[in-house]
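Asker: Sharing entry-v7.txt, compact mmCIF, C-alpha atoms and all ligand atoms:
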# COMPACT_ATOMS: atom_id res chain seq x y z
CA MET A 1 90.25 151.77 146.64
CA GLY A 2 93.12 153.46 148.59
CA GLU A 3 96.54 153.17 146.96
CA TYR A 4 99.74 153.03 148.99
CA ASP A 5 103.42 152.33 148.59
CA PHE A 6 103.45 150.21 151.73
CA ILE A 7 100.79 148.36 153.69
CA VAL A 8 101.91 147.09 157.08
CA ILE A 9 99.75 144.40 158.70
CA GLY A 10 99.74 144.47 162.50
CA ALA A 11 100.06 147.48 164.81
CA GLY A 12 102.14 145.92 167.57
CA ILE A 13 105.58 147.37 168.21
CA ALA A 14 107.06 145.60 165.16
CA GLY A 15 104.51 146.98 162.72
CA MET A 16 104.21 150.40 164.35
CA SER A 17 107.97 151.06 164.38
CA LEU A 18 108.54 149.89 160.81
CA ALA A 19 105.44 151.69 159.49
CA CYS A 20 106.77 154.87 161.08
CA GLU A 21 110.12 154.53 159.28
CA LEU A 22 108.45 153.65 155.97
CA SER A 23 106.09 156.62 156.19
CA ALA A 24 109.11 158.91 155.70
CA LYS A 25 109.69 157.22 152.32
CA GLY A 26 106.23 156.71 150.87
CA ARG A 27 102.49 156.49 151.42
CA THR A 28 101.97 154.01 154.24
CA LEU A 29 98.88 152.32 155.67
CA LEU A 30 98.97 150.37 158.94
CA LEU A 31 96.18 147.81 159.39
CA GLU A 32 95.20 146.47 162.81
CA MET A 33 92.42 144.00 163.57
CA GLU A 34 91.90 145.18 167.17
CA SER A 35 90.44 148.52 168.25
CA GLN A 36 93.78 149.56 169.80
CA PRO A 37 97.38 149.28 168.55
CA GLY A 38 99.48 147.14 170.89
CA TYR A 39 96.54 145.12 172.24
CA HIS A 40 98.31 141.74 171.95
CA SER A 41 101.95 140.87 172.86
CA THR A 42 103.18 144.47 172.86
CA GLY A 43 100.75 145.58 175.54
CA ARG A 44 101.56 142.57 177.73
CA SER A 45 105.34 142.64 177.99
CA ALA A 46 107.49 143.03 181.08
CA ALA A 47 108.71 146.28 179.51
CA TYR A 48 112.39 145.62 179.99
CA TYR A 49 115.45 146.52 177.93
CA ALA A 50 118.04 143.76 178.38
CA PRO A 51 121.15 144.11 176.20
CA ALA A 52 122.54 140.83 177.60
CA TYR A 53 119.41 138.76 176.80
CA GLY A 54 118.92 136.55 173.75
CA ASN A 55 121.30 135.17 171.12
CA ASP A 56 124.08 137.16 169.43
CA VAL A 57 121.83 138.58 166.67
CA VAL A 58 119.15 139.59 169.17
CA ARG A 59 121.73 141.24 171.42
CA GLU A 60 123.33 143.15 168.55
CA ILE A 61 120.00 144.58 167.40
CA THR A 62 118.95 145.30 170.99
CA VAL A 63 122.12 147.28 171.66
CA ALA A 64 121.65 149.20 168.40
CA SER A 65 118.08 150.00 169.48
CA GLY A 66 119.41 151.41 172.75
CA ALA A 67 120.87 154.37 170.84
CA PHE A 68 117.33 155.24 169.71
CA PHE A 69 115.75 154.70 173.13
CA TYR A 70 118.31 156.92 174.88
CA GLU A 71 118.23 159.60 172.18
CA PRO A 72 114.95 159.44 170.27
CA PRO A 73 114.22 161.95 167.49
CA ALA A 74 113.12 165.44 168.55
CA GLY A 75 109.45 165.53 169.55
CA PHE A 76 109.22 161.73 169.93
CA THR A 77 108.70 161.90 173.70
CA ASP A 78 108.99 164.43 176.51
CA HIS A 79 110.36 161.97 179.06
CA PRO A 80 113.02 159.20 179.09
CA LEU A 81 112.07 155.95 177.32
CA VAL A 82 114.49 153.90 179.44
CA ASN A 83 114.98 154.15 183.19
CA ASN A 84 118.07 152.39 184.37
CA ARG A 85 117.52 149.13 186.25
CA PRO A 86 120.25 146.48 186.16
CA ALA A 87 119.49 142.89 185.14
CA LEU A 88 120.75 140.36 187.67
CA PHE A 89 121.03 136.76 186.44
CA VAL A 90 121.11 134.56 189.56
CA ALA A 91 122.50 131.05 189.96
CA THR A 92 122.48 128.32 192.58
CA LYS A 93 125.51 126.11 193.20
CA GLN A 94 124.10 123.65 190.65
CA GLN A 95 123.81 126.33 187.96
CA GLN A 96 127.47 127.37 187.78
CA GLN A 97 127.87 126.08 184.23
CA SER A 98 124.88 128.08 183.00
CA LEU A 99 126.24 131.14 184.79
CA GLN A 100 129.60 130.78 183.06
CA LYS A 101 127.87 130.37 179.67
CA THR A 102 125.83 133.51 180.31
CA LEU A 103 128.91 135.47 181.36
CA ASN A 104 130.81 134.32 178.26
CA ALA A 105 127.98 135.34 175.93
CA SER A 106 127.86 139.04 176.75
CA SER A 107 130.51 141.62 177.52
CA HIS A 108 127.85 143.60 179.38
CA LEU A 109 127.86 141.15 182.30
CA GLU A 110 129.94 141.23 185.48
CA LEU A 111 130.23 138.48 188.09
CA ILE A 112 128.65 139.36 191.45
CA ASP A 113 128.89 137.42 194.72
CA ARG A 114 126.17 136.33 197.14
CA ASP A 115 126.72 139.19 199.60
CA ALA A 116 126.38 141.82 196.88
CA ILE A 117 123.26 140.02 195.61
CA GLU A 118 121.72 140.02 199.08
CA SER A 119 122.46 143.69 199.60
CA SER A 120 120.79 144.68 196.32
CA VAL A 121 117.77 142.35 196.73
CA PRO A 122 117.38 141.61 200.47
CA ILE A 123 114.65 138.98 200.00
CA ILE A 124 117.05 136.64 198.16
CA ASP A 125 118.32 133.68 200.21
CA LYS A 126 122.10 133.74 199.84
CA GLY A 127 122.27 130.19 201.15
CA ILE A 128 120.64 129.14 197.88
CA ILE A 129 121.72 131.77 195.38
CA THR A 130 125.50 131.64 195.41
CA GLN A 131 126.51 133.89 192.52
CA GLY A 132 125.14 136.04 189.76
CA ALA A 133 125.95 138.08 186.68
CA ILE A 134 124.84 141.67 186.53
CA ASP A 135 124.25 143.95 183.56
CA TYR A 136 124.17 147.58 184.59
CA THR A 137 123.06 148.73 181.12
CA GLY A 138 119.52 147.28 181.36
CA GLY A 139 116.45 149.32 182.15
CA ASP A 140 112.68 149.66 182.33
CA LEU A 141 111.26 150.57 178.93
CA ASP A 142 108.28 152.85 178.53
CA VAL A 143 106.40 150.70 176.00
CA ASP A 144 103.40 153.00 175.90
CA GLY A 145 105.68 156.00 175.40
CA LEU A 146 107.41 154.18 172.54
CA MET A 147 104.12 153.26 170.88
CA GLN A 148 102.77 156.80 171.30
CA GLY A 149 105.98 158.33 169.99
CA TYR A 150 106.03 156.14 166.89
CA GLN A 151 102.34 156.73 166.26
CA ARG A 152 102.71 160.51 166.59
CA LEU A 153 105.65 160.58 164.18
CA PHE A 154 103.83 158.24 161.79
CA LYS A 155 100.82 160.55 161.68
CA GLN A 156 103.04 163.64 161.24
CA ARG A 157 104.49 161.90 158.19
CA LYS A 158 100.96 161.40 156.83
CA GLY A 159 100.88 157.71 157.69
CA GLU A 160 97.36 156.26 158.06
CA ILE A 161 96.15 153.71 160.62
CA SER A 162 92.99 151.69 160.28
CA THR A 163 91.98 149.81 163.44
CA ASN A 164 89.17 147.22 163.66
CA SER A 165 90.44 146.13 160.24
CA THR A 166 91.21 142.45 160.02
CA VAL A 167 93.05 141.45 156.86
CA VAL A 168 91.03 138.63 155.33
CA ALA A 169 92.50 138.33 151.82
CA LEU A 170 95.70 139.16 149.98
CA GLN A 171 95.93 138.92 146.21
CA LYS A 172 98.96 139.70 144.10
CA SER A 173 98.59 141.09 140.60
CA SER A 174 101.56 142.00 138.40
CA ALA A 175 102.46 145.27 140.15
CA PHE A 176 100.26 145.47 143.24
CA TRP A 177 98.97 143.63 146.24
CA ARG A 178 95.25 143.94 146.77
CA VAL A 179 94.64 143.78 150.54
CA THR A 180 91.09 143.12 151.68
CA THR A 181 90.00 143.78 155.25
CA THR A 182 86.69 143.31 157.01
CA ASN A 183 85.86 146.92 156.03
CA ASP A 184 87.60 147.83 152.82
CA SER A 185 90.10 147.04 150.07
CA TYR A 186 93.48 148.68 149.47
CA GLN A 187 96.34 148.45 147.02
CA ALA A 188 100.07 148.60 147.67
CA LYS A 189 103.35 147.81 145.96
CA THR A 190 104.77 146.21 149.11
CA VAL A 191 103.08 144.35 151.95
CA VAL A 192 104.77 143.99 155.33
CA ASN A 193 103.74 141.07 157.50
CA ALA A 194 104.10 142.23 161.11
CA ALA A 195 101.17 140.23 162.46
CA GLY A 196 103.00 138.72 165.46
CA ALA A 197 101.48 135.35 166.40
CA TRP A 198 99.32 135.53 163.24
CA ALA A 199 102.23 136.08 160.80
CA ASP A 200 102.04 132.55 159.37
CA GLN A 201 98.29 132.96 158.84
CA ILE A 202 98.91 136.18 156.90
CA ALA A 203 101.45 134.34 154.71
CA ILE A 204 98.89 131.61 153.99
CA LEU A 205 96.33 134.26 152.96
CA ALA A 206 98.95 135.60 150.53
CA GLY A 207 99.64 132.15 149.08
CA ILE A 208 103.09 132.17 150.66
CA LYS A 209 104.64 129.26 152.51
CA PRO A 210 104.40 129.73 156.30
CA LEU A 211 107.64 129.65 158.31
CA LEU A 212 106.29 127.45 161.11
CA LEU A 213 106.53 130.29 163.61
CA GLN A 214 105.71 129.16 167.14
CA PRO A 215 103.60 131.35 169.43
CA LYS A 216 104.40 130.52 173.06
CA ARG A 217 102.41 131.73 176.03
CA ARG A 218 104.15 133.64 178.81
CA THR A 219 102.49 134.55 182.10
CA ALA A 220 103.09 137.54 184.36
CA MET A 221 101.51 138.79 187.59
CA LEU A 222 101.77 141.56 190.14
CA VAL A 223 102.04 140.95 193.88
CA ASP A 224 102.63 143.24 196.86
CA THR A 225 106.13 144.17 197.95
CA PRO A 226 106.62 143.01 201.58
CA LEU A 227 105.49 145.93 203.77
CA HIS A 228 108.82 146.66 205.45
CA LEU A 229 110.73 146.84 202.15
CA ASN A 230 111.14 149.33 199.35
CA SER A 231 111.79 147.47 196.09
CA THR A 232 112.09 150.57 193.88
CA ASP A 233 115.81 150.20 193.21
CA TRP A 234 116.05 146.43 193.04
CA PRO A 235 117.44 145.03 189.79
CA MET A 236 115.34 142.76 187.60
CA VAL A 237 116.18 139.26 188.90
CA ILE A 238 116.31 136.49 186.29
CA ASP A 239 117.08 132.84 186.91
CA VAL A 240 120.18 132.04 184.84
CA ASP A 241 118.31 129.14 183.19
CA GLU A 242 115.28 131.38 182.71
CA GLN A 243 112.97 129.46 185.02
CA PHE A 244 111.51 132.65 186.55
CA TYR A 245 112.05 136.37 186.86
CA LEU A 246 110.93 139.17 189.12
CA LYS A 247 111.02 142.91 188.70
CA PRO A 248 109.80 145.89 190.72
CA ASP A 249 106.84 147.52 189.03
CA ALA A 250 105.34 150.76 190.35
CA GLY A 251 105.47 149.73 194.03
CA GLN A 252 104.51 146.11 193.35
CA ILE A 253 106.59 143.13 192.18
CA LEU A 254 106.11 141.56 188.77
CA LEU A 255 106.66 137.79 188.75
CA SER A 256 106.83 135.36 185.86
CA PRO A 257 107.48 131.61 185.68
CA ALA A 258 109.16 132.36 182.31
CA ASP A 259 106.77 129.81 180.79
CA GLU A 260 106.93 128.99 177.09
CA THR A 261 103.80 126.96 176.40
CA LEU A 262 103.06 126.35 172.73
CA SER A 263 99.82 128.04 171.73
CA GLU A 264 97.57 128.83 168.83
CA ALA A 265 97.55 132.46 167.76
CA CYS A 266 94.82 133.81 170.08
CA ASP A 267 93.88 136.33 172.75
CA THR A 268 95.61 134.29 175.43
CA HIS A 269 94.94 134.27 179.19
CA PRO A 270 96.93 133.16 182.23
CA GLU A 271 96.44 129.66 183.64
CA GLU A 272 96.18 129.14 187.43
CA PHE A 273 98.86 126.47 187.16
CA ASP A 274 101.46 128.87 185.70
CA ILE A 275 100.69 131.44 188.39
CA ALA A 276 101.29 128.80 191.07
CA VAL A 277 104.53 127.68 189.38
CA ALA A 278 105.86 131.25 189.36
CA ILE A 279 105.18 131.72 193.06
CA ASP A 280 106.67 128.34 193.93
CA ARG A 281 109.88 128.85 191.90
CA ILE A 282 110.44 132.32 193.31
CA GLN A 283 109.73 131.31 196.90
CA ARG A 284 112.42 128.62 196.60
CA ILE A 285 115.10 131.28 196.28
CA CYS A 286 113.69 134.17 198.25
CA SER A 287 111.37 135.10 201.08
CA LEU A 288 108.44 136.70 199.34
CA PRO A 289 105.12 136.00 201.06
CA VAL A 290 102.31 136.13 198.47
CA GLU A 291 98.91 136.63 200.08
CA LYS A 292 97.20 137.45 196.84
CA VAL A 293 97.92 138.05 193.19
CA ASN A 294 96.76 141.59 192.42
CA HIS A 295 96.66 141.17 188.67
CA SER A 296 97.78 138.53 186.18
CA TRP A 297 97.99 138.36 182.41
CA ALA A 298 99.57 136.34 179.61
CA GLY A 299 100.79 137.11 176.12
CA LEU A 300 102.29 135.28 173.19
CA ARG A 301 105.98 135.40 172.36
CA THR A 302 106.33 134.16 168.79
CA PHE A 303 109.57 132.48 167.75
CA ALA A 304 111.12 131.22 164.56
CA THR A 305 112.52 127.71 164.99
CA ASP A 306 116.06 129.09 165.51
CA ASN A 307 114.90 131.79 167.99
CA THR A 308 116.17 134.60 165.73
CA PHE A 309 114.01 137.32 164.21
CA VAL A 310 112.71 137.06 160.65
CA SER A 311 113.26 140.22 158.65
CA GLY A 312 113.40 140.12 154.87
CA PHE A 313 111.50 139.65 151.62
CA ASP A 314 110.00 136.25 151.08
CA THR A 315 112.09 134.11 148.75
CA SER A 316 109.09 133.50 146.48
CA CYS A 317 107.91 137.11 146.31
CA GLU A 318 109.93 140.32 146.18
CA SER A 319 107.08 142.44 147.52
CA PHE A 320 106.08 140.44 150.61
CA TYR A 321 108.24 141.44 153.57
CA TRP A 322 108.41 139.48 156.84
CA GLN A 323 108.88 141.39 160.11
CA ALA A 324 108.15 138.53 162.47
CA GLY A 325 109.44 136.11 165.13
CA GLN A 326 110.17 138.84 167.69
CA GLY A 327 109.98 136.25 170.47
CA GLY A 328 110.69 137.72 173.89
CA TYR A 329 112.69 140.64 172.54
CA GLY A 330 110.34 142.57 170.24
CA VAL A 331 110.19 145.75 172.30
CA GLN A 332 113.84 146.03 173.20
CA SER A 333 114.89 145.48 169.57
CA CYS A 334 112.18 147.45 167.76
CA ALA A 335 114.20 150.47 166.69
CA GLY A 336 116.98 148.38 165.16
CA MET A 337 114.48 146.03 163.51
CA ALA A 338 112.55 148.96 162.03
CA ASP A 339 115.80 150.39 160.67
CA ILE A 340 116.73 147.05 159.10
CA GLY A 341 113.25 146.71 157.57
CA CYS A 342 113.34 150.25 156.20
CA PHE A 343 116.75 149.68 154.63
CA GLN A 344 115.75 146.40 153.01
CA ILE A 345 112.50 147.84 151.65
CA THR A 346 113.59 151.35 150.64
CA GLY A 347 117.40 151.31 150.64
CA ASP A 348 117.60 153.91 153.44
CA CYS A 349 118.64 153.40 157.03
CA GLY A 350 119.51 155.75 159.87
CA LEU A 351 120.29 153.96 163.11
CA MET A 352 122.54 151.17 161.87
CA SER A 353 125.13 151.29 159.10
CA GLU A 354 124.40 149.76 155.71
CA GLN A 355 127.35 147.44 156.18
CA ARG A 356 126.11 146.19 159.54
CA ILE A 357 122.62 145.51 158.18
CA LYS A 358 124.03 143.64 155.19
CA LYS A 359 126.10 141.51 157.56
CA LEU A 360 122.98 140.58 159.53
CA ALA A 361 120.76 140.04 156.48
CA ASP A 362 121.37 136.30 155.99
CA LYS A 363 120.84 135.55 159.68
CA LEU A 364 117.47 137.33 159.57
CA SER A 365 116.32 136.27 156.13
CA PRO A 366 113.27 134.01 155.70
CA ALA A 367 115.43 132.22 153.09
CA ARG A 368 117.16 130.38 155.94
CA PHE A 369 114.04 128.20 156.26
CA SER A 370 113.74 127.25 152.61
C1 LIG A 401 104.73 138.32 179.50
C2 LIG A 401 105.63 138.86 178.41
C3 LIG A 401 106.76 139.58 178.76
C4 LIG A 401 107.55 140.15 177.76
N1 LIG A 401 108.60 140.95 178.14
C5 LIG A 401 109.34 141.57 177.19
C6 LIG A 401 110.34 142.49 177.58
O1 LIG A 401 110.55 142.77 178.77
N2 LIG A 401 111.07 143.09 176.58
C7 LIG A 401 110.85 142.83 175.26
O2 LIG A 401 111.54 143.38 174.40
N3 LIG A 401 109.89 141.96 174.89
C8 LIG A 401 109.13 141.34 175.80
N4 LIG A 401 108.13 140.48 175.43
C9 LIG A 401 107.97 140.18 174.00
C10 LIG A 401 107.30 141.29 173.26
O3 LIG A 401 106.09 141.63 173.92
C11 LIG A 401 107.04 140.83 171.82
O4 LIG A 401 108.23 140.40 171.22
C12 LIG A 401 106.51 141.97 170.96
O5 LIG A 401 105.45 142.64 171.59
C13 LIG A 401 106.04 141.43 169.62
O6 LIG A 401 105.52 142.51 168.89
P1 LIG A 401 104.71 142.27 167.55
O7 LIG A 401 104.39 143.61 167.02
O8 LIG A 401 105.47 141.32 166.70
O9 LIG A 401 103.40 141.47 168.01
P2 LIG A 401 102.00 142.00 168.54
O10 LIG A 401 102.16 143.06 169.55
O11 LIG A 401 101.20 140.82 168.93
O12 LIG A 401 101.37 142.68 167.26
C14 LIG A 401 100.86 141.96 166.17
C15 LIG A 401 99.58 142.65 165.75
O13 LIG A 401 99.09 142.08 164.55
C16 LIG A 401 97.68 142.19 164.57
N5 LIG A 401 97.09 141.27 163.60
C17 LIG A 401 97.19 139.93 163.58
N6 LIG A 401 96.49 139.42 162.54
C18 LIG A 401 95.93 140.47 161.87
C19 LIG A 401 95.11 140.58 160.72
N7 LIG A 401 94.68 139.51 160.03
N8 LIG A 401 94.74 141.82 160.33
C20 LIG A 401 95.14 142.93 161.01
N9 LIG A 401 95.92 142.87 162.11
C21 LIG A 401 96.34 141.66 162.54
C22 LIG A 401 97.35 141.83 166.02
O14 LIG A 401 96.08 142.27 166.41
C23 LIG A 401 98.48 142.50 166.77
O15 LIG A 401 98.11 143.78 167.26
C24 LIG A 401 107.27 139.92 176.38
C25 LIG A 401 106.14 139.19 176.03
C26 LIG A 401 105.30 138.68 177.02
C27 LIG A 401 104.08 137.93 176.62
Let me see the structure of the file written as structure tokens.

Answerer:
Amino acid sequence: MGEYDFIVIGAGIAGMSLACELSAKGRTLLLEMESQPGYHSTGRSAAYYAPAYGNDVVREITVASGAFFYEPPAGFTDHPLVNNRPALFVATKQQQQSLQKTLNASSHLELIDRDAIESSVPIIDKGIITQGAIDYTGGDLDVDGLMQGYQRLFKQRKGEISTNSTVVALQKSSAFWRVTTTNDSYQAKTVVNAAGAWADQIAILAGIKPLLLQPKRRTAMLVDTPLHLNSTDWPMVIDVDEQFYLKPDAGQILLSPADETLSEACDTHPEEFDIAVAIDRIQRICSLPVEKVNHSWAGLRTFATDNTFVSGFDTSCESFYWQAGQGGYGVQSCAGMADIGCFQITGDCGLMSEQRIKKLADKLSPARFS
């Protein structure tokens, strides 16, 4: 039976990034039930870095992660992980209150008027969209580049990954966890639960109280850019009440109805209804003819009940660590979250200061649900 210091369950961005940091401190095994890391939520995101998105804790960790994305460790990647693309939160006359709330929440945002909105995204109807808030610090994230970079570094540090390995049992003895997968059994002093939508199920296997995490389905699709237009430099356009968003994507336009439909943990798929809702909501504010949907997909965004991440040892067990509830922000926050996890598990951090992590600890702790 293989013996490790740390076993991380789940090779999405949360598990991959934390496993990479832990592998610098001890023998680390990353277990993934699918044949590929990143198969679930991580591989289905809109791949955007939005420092002005989410609550104050999410935004703080996202901004901290930006330092990693813009200056990753040597050898992590040979091309930029973020390509600048502003985030434009748009509002109708009826949404002025929401716009003000959004502007108040983040110092990254600037007010922008309807003419400036129309000149940056010419399909928007400025008779309907009256104002917006723009964040020039946002950008497209190279999720695959991030995953590859973490995986490469993890392997250089002698970290091991086992794919097609579903964790089916977790037993705690006095000093070790025994982790049983569909293929094998392993032992580790510390187990990290980074199983995304399945994190509560992993807790139950370990005899630990679930946190009532809520997986919610979100749909995305790609449509053609109108022939006479070049959308390359358009900002990401987000309804200020998050009823839809659109974003240029390699010559096409990515649309989402920003749906949040409660779901079981599963390999989710898009529903025709949500695709129709996205097109309808977007066509209400802009002229975007959609003759066909070129590709559509859906993924699960898994939230704690207060919409903040869960990072910390379980209150009932000092060797069971939660890295869960990444919601709609798991990619943009991964570097900061991995740093926080590494500090809480090993006492070492790099990206964020010890003081800053300690200040965030209570807000992230699973203890807030007990
Ligand atoms: C449409 C959409 C758009 C999004 N856009 C963005 C965006 O622009 N920016 C952003 O930051 N975030 C975005 N998100 C959210 C982001 O994708 C998630 O927050 C993030 O991917 C969560 O990562 P994770 O590692 O927690 O989960 P996952 O990627 O789902 O990883 C969990 C892993 O655990 C594995 N696992 C589960 N159970 C077991 C088991 N028993 N044994 C072994 N392995 C197991 C799963 O197979 C899975 O690979 C978006 C999400 C969606 C769906």

Asker: Tell me which protein, DNA and RNA residues are within 8 Å of stretch 317-327 of chain A, counting all atoms listed in the file, leaving out same-chain ones fewer than 2 positions away, and put them as an MDAnalysis selection string.

Answerer: chainID A and resid 14:15 189:196 199 213 301:304 307:315 329:330 341 345 366

Asker: How close does stretch 275-320 of chain A get to stretch 79-96 of chain A? List, as a tab-separated table, each residue of stretch 275-320 of chain A within 12 Å, its nearest atom pair and the distance in Å to one decimal, counting all atoms listed in the file.

Answerer:
residue	atom	partner	partner_atom	distance
A:Ile282	CA	A:Val90	CA	11.5
A:Arg284	CA	A:Thr92	CA	10.8
A:Ile285	CA	A:Thr92	CA	8.8
A:Cys286	CA	A:Val90	CA	11.4

Asker: Using only C-alpha atoms, find the one residue out of A:Thr232, A:Gln36, A:Thr181, A:Gln214 that sits nearest to A:Leu300.

Answerer: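 For A:Leu300, the nearest of the candidates is A:Gln214.
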
Asker: Would you please work out which residue, of A:Ile238, A:Ala46, A:Met221, A:Ala116, is nearest to ligand LIG 401 (chain A) when using all atoms listed in the file?

Answerer: A:Ala46

Asker: Report as JSON lines: every residue of chain A with an atom at most 7 Å from ligand LIG 401 (chain A), its closest pair of atoms, and their distance in Å to one decimal, counting only C-alpha atoms and all ligand atoms, with rows sorted by chain and ascending residue number.

Answerer:
{"residue": "A:Ile9", "atom": "CA", "partner": "A:LIG401", "partner_atom": "N9", "distance": 5.4}
{"residue": "A:Gly10", "atom": "CA", "partner": "A:LIG401", "partner_atom": "O13", "distance": 3.2}
{"residue": "A:Ala11", "atom": "CA", "partner": "A:LIG401", "partner_atom": "O15", "distance": 4.8}
{"residue": "A:Gly12", "atom": "CA", "partner": "A:LIG401", "partner_atom": "O7", "distance": 3.3}
{"residue": "A:Ile13", "atom": "CA", "partner": "A:LIG401", "partner_atom": "O7", "distance": 4.1}
{"residue": "A:Ala14", "atom": "CA", "partner": "A:LIG401", "partner_atom": "O7", "distance": 3.8}
{"residue": "A:Gly15", "atom": "CA", "partner": "A:LIG401", "partner_atom": "O7", "distance": 5.5}
{"residue": "A:Leu31", "atom": "CA", "partner": "A:LIG401", "partner_atom": "C20", "distance": 5.2}
{"residue": "A:Glu32", "atom": "CA", "partner": "A:LIG401", "partner_atom": "N9", "distance": 3.7}
{"residue": "A:Met33", "atom": "CA", "partner": "A:LIG401", "partner_atom": "C20", "distance": 3.9}
{"residue": "A:Glu34", "atom": "CA", "partner": "A:LIG401", "partner_atom": "O14", "distance": 5.1}
{"residue": "A:Pro37", "atom": "CA", "partner": "A:LIG401", "partner_atom": "O15", "distance": 5.7}
{"residue": "A:Gly38", "atom": "CA", "partner": "A:LIG401", "partner_atom": "O10", "distance": 5.1}
{"residue": "A:Tyr39", "atom": "CA", "partner": "A:LIG401", "partner_atom": "O15", "distance": 5.4}
{"residue": "A:His40", "atom": "CA", "partner": "A:LIG401", "partner_atom": "O11", "distance": 4.3}
{"residue": "A:Ser41", "atom": "CA", "partner": "A:LIG401", "partner_atom": "O10", "distance": 4.0}
{"residue": "A:Thr42", "atom": "CA", "partner": "A:LIG401", "partner_atom": "O5", "distance": 3.2}
{"residue": "A:Gly43", "atom": "CA", "partner": "A:LIG401", "partner_atom": "O10", "distance": 6.6}
{"residue": "A:Arg44", "atom": "CA", "partner": "A:LIG401", "partner_atom": "C27", "distance": 5.4}
{"residue": "A:Ser45", "atom": "CA", "partner": "A:LIG401", "partner_atom": "C4", "distance": 3.3}
{"residue": "A:Ala46", "atom": "CA", "partner": "A:LIG401", "partner_atom": "N1", "distance": 3.8}
{"residue": "A:Ala47", "atom": "CA", "partner": "A:LIG401", "partner_atom": "O1", "distance": 4.0}
{"residue": "A:Tyr48", "atom": "CA", "partner": "A:LIG401", "partner_atom": "O1", "distance": 3.6}
{"residue": "A:Tyr49", "atom": "CA", "partner": "A:LIG401", "partner_atom": "N2", "distance": 5.7}
{"residue": "A:Ser165", "atom": "CA", "partner": "A:LIG401", "partner_atom": "C20", "distance": 5.7}
{"residue": "A:Thr166", "atom": "CA", "partner": "A:LIG401", "partner_atom": "N8", "distance": 3.6}
{"residue": "A:Val167", "atom": "CA", "partner": "A:LIG401", "partner_atom": "N8", "distance": 3.9}
{"residue": "A:Val168", "atom": "CA", "partner": "A:LIG401", "partner_atom": "N7", "distance": 6.0}
{"residue": "A:Ala194", "atom": "CA", "partner": "A:LIG401", "partner_atom": "O8", "distance": 5.8}
{"residue": "A:Ala195", "atom": "CA", "partner": "A:LIG401", "partner_atom": "O13", "distance": 3.5}
{"residue": "A:Gly196", "atom": "CA", "partner": "A:LIG401", "partner_atom": "O9", "distance": 3.8}
{"residue": "A:Ala197", "atom": "CA", "partner": "A:LIG401", "partner_atom": "O11", "distance": 6.0}
{"residue": "A:Trp198", "atom": "CA", "partner": "A:LIG401", "partner_atom": "N6", "distance": 4.9}
{"residue": "A:Ala199", "atom": "CA", "partner": "A:LIG401", "partner_atom": "N6", "distance": 6.9}
{"residue": "A:Ile202", "atom": "CA", "partner": "A:LIG401", "partner_atom": "N7", "distance": 6.2}
{"residue": "A:Arg217", "atom": "CA", "partner": "A:LIG401", "partner_atom": "C27", "distance": 6.4}
{"residue": "A:Arg218", "atom": "CA", "partner": "A:LIG401", "partner_atom": "C1", "distance": 4.8}
{"residue": "A:Thr219", "atom": "CA", "partner": "A:LIG401", "partner_atom": "C1", "distance": 5.1}
{"residue": "A:Ala220", "atom": "CA", "partner": "A:LIG401", "partner_atom": "C1", "distance": 5.2}
{"residue": "A:Ala298", "atom": "CA", "partner": "A:LIG401", "partner_atom": "C1", "distance": 5.5}
{"residue": "A:Gly299", "atom": "CA", "partner": "A:LIG401", "partner_atom": "C27", "distance": 3.4}
{"residue": "A:Leu300", "atom": "CA", "partner": "A:LIG401", "partner_atom": "C27", "distance": 4.7}
{"residue": "A:Arg301", "atom": "CA", "partner": "A:LIG401", "partner_atom": "C25", "distance": 5.3}
{"residue": "A:Thr302", "atom": "CA", "partner": "A:LIG401", "partner_atom": "O4", "distance": 7.0}
{"residue": "A:Ala324", "atom": "CA", "partner": "A:LIG401", "partner_atom": "O8", "distance": 5.7}
{"residue": "A:Gly325", "atom": "CA", "partner": "A:LIG401", "partner_atom": "O8", "distance": 6.7}
{"residue": "A:Gln326", "atom": "CA", "partner": "A:LIG401", "partner_atom": "O4", "distance": 4.3}
{"residue": "A:Gly327", "atom": "CA", "partner": "A:LIG401", "partner_atom": "O4", "distance": 4.6}
{"residue": "A:Gly328", "atom": "CA", "partner": "A:LIG401", "partner_atom": "C9", "distance": 3.7}
{"residue": "A:Tyr329", "atom": "CA", "partner": "A:LIG401", "partner_atom": "O2", "distance": 3.5}
{"residue": "A:Gly330", "atom": "CA", "partner": "A:LIG401", "partner_atom": "O4", "distance": 3.2}
{"residue": "A:Val331", "atom": "CA", "partner": "A:LIG401", "partner_atom": "O2", "distance": 3.4}
{"residue": "A:Gln332", "atom": "CA", "partner": "A:LIG401", "partner_atom": "O2", "distance": 3.7}
{"residue": "A:Ser333", "atom": "CA", "partner": "A:LIG401", "partner_atom": "O2", "distance": 6.2}

Asker: For A:Lys172, which of A:Gln187, A:Asn104, A:Asp142, A:Leu364 is the closest residue, counting all atoms listed in the file?

Answerer: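 Using all atoms listed in the file, A:Lys172 sits closest to A:Gln187.
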
Asker: To one decimal place, how far is atom CA of A:Ser287 from atom CA of A:Pro226 in Å?

Answerer: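 Spanning atom CA of A:Ser287 to atom CA of A:Pro226 is a straight-line distance of 9.2 Å.
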
Asker: Between atom CA of A:Asp259 and atom CA of A:Asp274, what is the distance, to one decimal in Å?

Answerer: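 A separation of 7.3 Å between them.
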